[in-house]
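Just below is one structure, and these are the notes that go with it.
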Amino acid sequence: MQTLKLTIAEQCVDRLRTLNPDGAPTAAELAAMLEYPPDPKMGDLALPCFKLSKTMRRSPVQIAAAIAEGFACAGVERAEAVNGYFNLYLDPAWLGENVLTRILAEREKYGSSDIGAGKEVVLDYSSPNVAKPFHIGHLGTTVIGHSLKCLHEFVGYHCTGINYLGDWGTQFGKLIVAYKKWGNRELIEQGGIDELVALYVRINNAISGNEEKGIPADPVLGDEARAEFHKLEEGDEENLALWRWFVDISLAEYEKTYKQLGITFDSYKGESFYTDKMPAQVEKLREQGLLTLDDGASIVNLEEYNMPPCLILKRDGSTLYPTRDIAAAVYRKQTYNFDKAIYVTSAGQNLHFAQWFKVVELMGYDWYDQLVHVPYGTVSVNGAKLATRTGNVVLLKDLFAMAIEKVRAIMDEKNPDLQNKDGVAEAVGVGAIVFNYLSNNRNRDINFILEDALSFEGNTGPYAQYTYARTCSILEKAGELSCDAYTVTAPEEADLLKVLARFNERVMAALEEYEPSYIVRYILEVCAAFNRFYHNCPILTAEDAQIRATRVKLAEAAGIVLGNAFGLVCMKKTEKI
Ligand code: ARG
């Protein structure tokens, strides 16, 4: 569509130059002004001319009229000036010859580009904290992060996905104490991460007490935990072995969830990896005079930038979350020489990222402006905030299991002979959750209603996957079929092609705003257009052979675009449901 927009724009600019040689924009500028009118009666594309009025020194009505006068361009069936708008109607035959042909030729590449060729993007996402629950709050970083990776790869960037595991910190001291006091190796080997989380919750409750239940706080346990962590930092063999074991158990569990989502990472270098890389950065900060002492702690004062200070070292000299992020960024720049480093976390960490990005800038690293924080809104479940303490956590694996089970039950009833039921149930169940989640703009705080996410009515993931399966079934029934020219006759066919033609533009918009939700909404548009076509146009029963062939190819093209779009938002395709 961009090519057509540019061709149209070039012609418009020629006419504008005749009207006023000095006031015309460039073709690229004008192409960007072309809009898709919400009401198709106003055309398939429209140029609102009031935007040009000032530089052109003409009224919008005069401008639109001048452009429309005798306008002709391949791909445009008709064009007219209406109330200061220049409206264009696309030619169905052109859509068949160009859009359809192109989709069928480019297939899994359709919608992609190579604008990112030669550039490196590093993405830090998912990054759960070991031995803490991997819950629905992590769904955002995991699926938004992976979608952003797929989107960048789709337009040619080389990407490195990093799972920056929260595998270091005082929580390990607590866990070691808890394990030594109450732990049982066999139980943990069987129960996995759930057992670790239970130990972690138990020790936290013991340390801080519970007024309601009349359990007094036990500060001694807190001291013991700090001592165990200190031993770990000093390289104590026993504690190191325990730590490694805790990390492995947690990772094995995360992997199951990643596999269900089709996610893999290129690096699992977690926080622990940066232990020996921090001193050099702290030293640099000190040499540059950026560190100040505040009640014994070392901080970078950010008052000038309207931010609270960035904490670098605690009073006891131990490092902090920002210290590690700074060291990790320097390491990643050296290792990957990224053009962009993206971090996906909840908006709760906005200040943290703003602070340490600023510190990186103050340190004189000229790549500070290549760091991008992509935040997302909070998730509450059925109206209540997530809280490990009150037990209001929904683990991702449980959520997925519920969805899979529900899909399985429906399939047993409706399609009991389906092959590979487990695989399909997993793809559709997990897809339902992901689709539901990603249909929201990422910055919105969302209230996750389990029932809605697991409902398969309306604009849901299962509906999208069902539509994809429908395109596959048409192809299968049609068998081999050749077609050297397409005949687009029905308006539903042209409408579907117009939607399919916009794929790359949606990809670009999603990239520009780091918004995978645009792709989810686009999928729904394709489904709606395809289903209108499917219900109104006989496909396999169309009498005219060329019309039949065109429609089968159109179904194939819709399937290709849906499949490509699914791949960008962690959704798996299933040919049968
Ligand atoms: N582990 C952190 C958490 O769960 C997220 C890490 C995000 N990435 C980063 N480089 N700080 O809150």
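Please note that chains go A, B, ... in the order of the structure tokens, that every chain numbers its residues from 1, and that ligands are numbered from 1 in the order shown.
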Query raised in the report: Which residues sit within 8 Å of ligand 1, counting only C-alpha atoms and all ligand atoms, listed as a ChimeraX atom specification?
Result: /A:124-129,138,164-166,321-322,325,328,343-346,349,353
**Report entry** DSSP-assigned strand (DSSP E or B) members of region 58-154 of chain A, reported as a ChimeraX atom specification
**Finding:** /A:76-82,85-90,120-124,129,135
Report task. Excluding Gly262 (chain A) and residues on its chain fewer than 3 positions from it, collect all residues at most 7 Å away from it, counting only C-alpha atoms, and give them as JSON, numbers by chain. Result -> {"A": [258, 259, 570]}
Print the selection's residues with N, CA, C and O atoms to a file, as a PDB file, in the first residue's frame.
ATOM      1  N   TYR A 258       7.410 -20.937  28.727  1.00  0.00           N
ATOM      2  CA  TYR A 258       7.929 -20.350  27.486  1.00  0.00           C
ATOM      3  C   TYR A 258       7.623 -21.243  26.292  1.00  0.00           C
ATOM      4  O   TYR A 258       7.303 -20.776  25.209  1.00  0.00           O
ATOM      5  N   LYS A 259       7.733 -22.541  26.527  1.00  0.00           N
ATOM      6  CA  LYS A 259       7.499 -23.476  25.429  1.00  0.00           C
ATOM      7  C   LYS A 259       6.047 -23.375  24.967  1.00  0.00           C
ATOM      8  O   LYS A 259       5.768 -23.384  23.765  1.00  0.00           O
ATOM      9  N   CYS A 570       2.940 -14.035  19.532  1.00  0.00           N
ATOM     10  CA  CYS A 570       2.987 -15.257  20.350  1.00  0.00           C
ATOM     11  C   CYS A 570       1.745 -16.130  20.215  1.00  0.00           C
ATOM     12  O   CYS A 570       1.296 -16.725  21.201  1.00  0.00           O
TER      13      CYS A 570
END
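All residues of protein, DNA or RNA that reach within 12 Å of Thr257 (chain A), judged by only C-alpha atoms and not counting those fewer than 2 positions away in the chain, are Ser126, Phe134, His135, Ile136, His138, Leu139, Thr142, Val143, Ser250, Leu251, Ala252, Glu253, Tyr254, Glu255, Lys259, Gln260, Leu261, Gly262, Ile263, Thr264, Leu395, Leu396, Lys397, Asp398, Leu399, Phe400, Ala401, Glu426 and Val430 of chain A.
Among the candidates A:Glu108, A:Glu505, A:Asp167, A:Glu543, the one nearest to Gly270 (chain A) when counting only C-alpha atoms is A:Asp167.
You can rank A:Asn87, A:Asn204, A:Asn337, A:Ser112 by their closest distance to Lys132 (chain A) using only C-alpha atoms, and at the top of that list sits A:Asn204.
Near region 358-370 of chain A, within 9 Å and counting only C-alpha atoms, sit Lys284, Leu285, Gln288, Leu290, Val300, Leu302, Tyr305, Cys310, Ile326, Ala329, Val330, Lys333, Phe338, Asp339, Lys340, Ala341, Ile342 and Phe353 of chain A, not including residues fewer than 5 positions from it in the same chain.
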Query raised in the report: Excluding same-chain residues fewer than 3 positions from region 412-416 of chain A, what lies within 8 Å of it counting only C-alpha atoms, as a PyMOL selection string?
Result: chain A and resi 408-409+577
Residues from the last selection, N, CA and C atoms, saved as a tab-separated table (two decimals), in the first residue's frame:
chain	number	residue	atom	x	y	z
A	408	ARG	N	-10.03	-28.12	25.77
A	408	ARG	CA	-10.05	-29.58	25.63
A	408	ARG	C	-11.49	-30.10	25.80
A	409	ALA	N	-12.19	-29.58	26.79
A	409	ALA	CA	-13.56	-30.02	27.05
A	409	ALA	C	-14.47	-29.68	25.86
A	577	ILE	N	-9.32	-27.18	13.99
A	577	ILE	CA	-9.72	-26.94	15.37
A	577	ILE	C	-10.82	-27.93	15.72
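What separates CA of Glu512 (chain A) from CA of Asn447 (chain A) is a distance of 26.0 Å.
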I'd like a table as JSON lines: residues in region 444-561 of chain A with an atom no more than 12 Å from region 27-50 of chain A, each row giving the shortest atom pair and its distance in Å to one decimal, only C-alpha atoms counted, sorted by chain and rising residue number.
{"residue": "A:Pro491", "atom": "CA", "partner": "A:Pro40", "partner_atom": "CA", "distance": 11.4}
{"residue": "A:Ala494", "atom": "CA", "partner": "A:Asp44", "partner_atom": "CA", "distance": 10.6}
{"residue": "A:Asp495", "atom": "CA", "partner": "A:Asp44", "partner_atom": "CA", "distance": 9.4}
{"residue": "A:Leu497", "atom": "CA", "partner": "A:Asp44", "partner_atom": "CA", "distance": 11.6}
{"residue": "A:Lys498", "atom": "CA", "partner": "A:Asp44", "partner_atom": "CA", "distance": 8.1}
{"residue": "A:Val499", "atom": "CA", "partner": "A:Asp44", "partner_atom": "CA", "distance": 10.3}
{"residue": "A:Ala501", "atom": "CA", "partner": "A:Asp44", "partner_atom": "CA", "distance": 11.6}
{"residue": "A:Arg502", "atom": "CA", "partner": "A:Tyr36", "partner_atom": "CA", "distance": 10.1}
{"residue": "A:Glu505", "atom": "CA", "partner": "A:Ala32", "partner_atom": "CA", "distance": 10.9}
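The smallest atom-to-atom distance between Val201 (chain A) and any of A:Leu19, A:Val82, A:Gln171, A:Leu554, using only C-alpha atoms, is found for A:Gln171.
Between CA of Cys159 (chain A) and CA of Gly431 (chain A) there is a distance of 23.5 Å.
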Report task. Write out as a list of chain:residue names the residues lying within 12 Å of Ala490 (chain A), counting only C-alpha atoms and excluding same-chain residues fewer than 6 positions away. Result -> A:Pro92, A:Ala93, A:Gly96, A:Leu496, A:Leu497, A:Arg532, A:Phe533, A:Tyr534, A:Asn536, A:Cys537, A:Pro538, A:Ile539, A:Ala542, A:Ile547, A:Arg548, A:Thr550, A:Arg551, A:Leu554
Query raised in the report: So which bits of region 468-508 of chain A end up alpha helix (DSSP H) when you DSSP the backbone, as a count of residues only?
Result: 28
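Taking CA of Asn83 (chain A) and CA of Ser59 (chain A) as the two end points, the separation is 10.4 Å.
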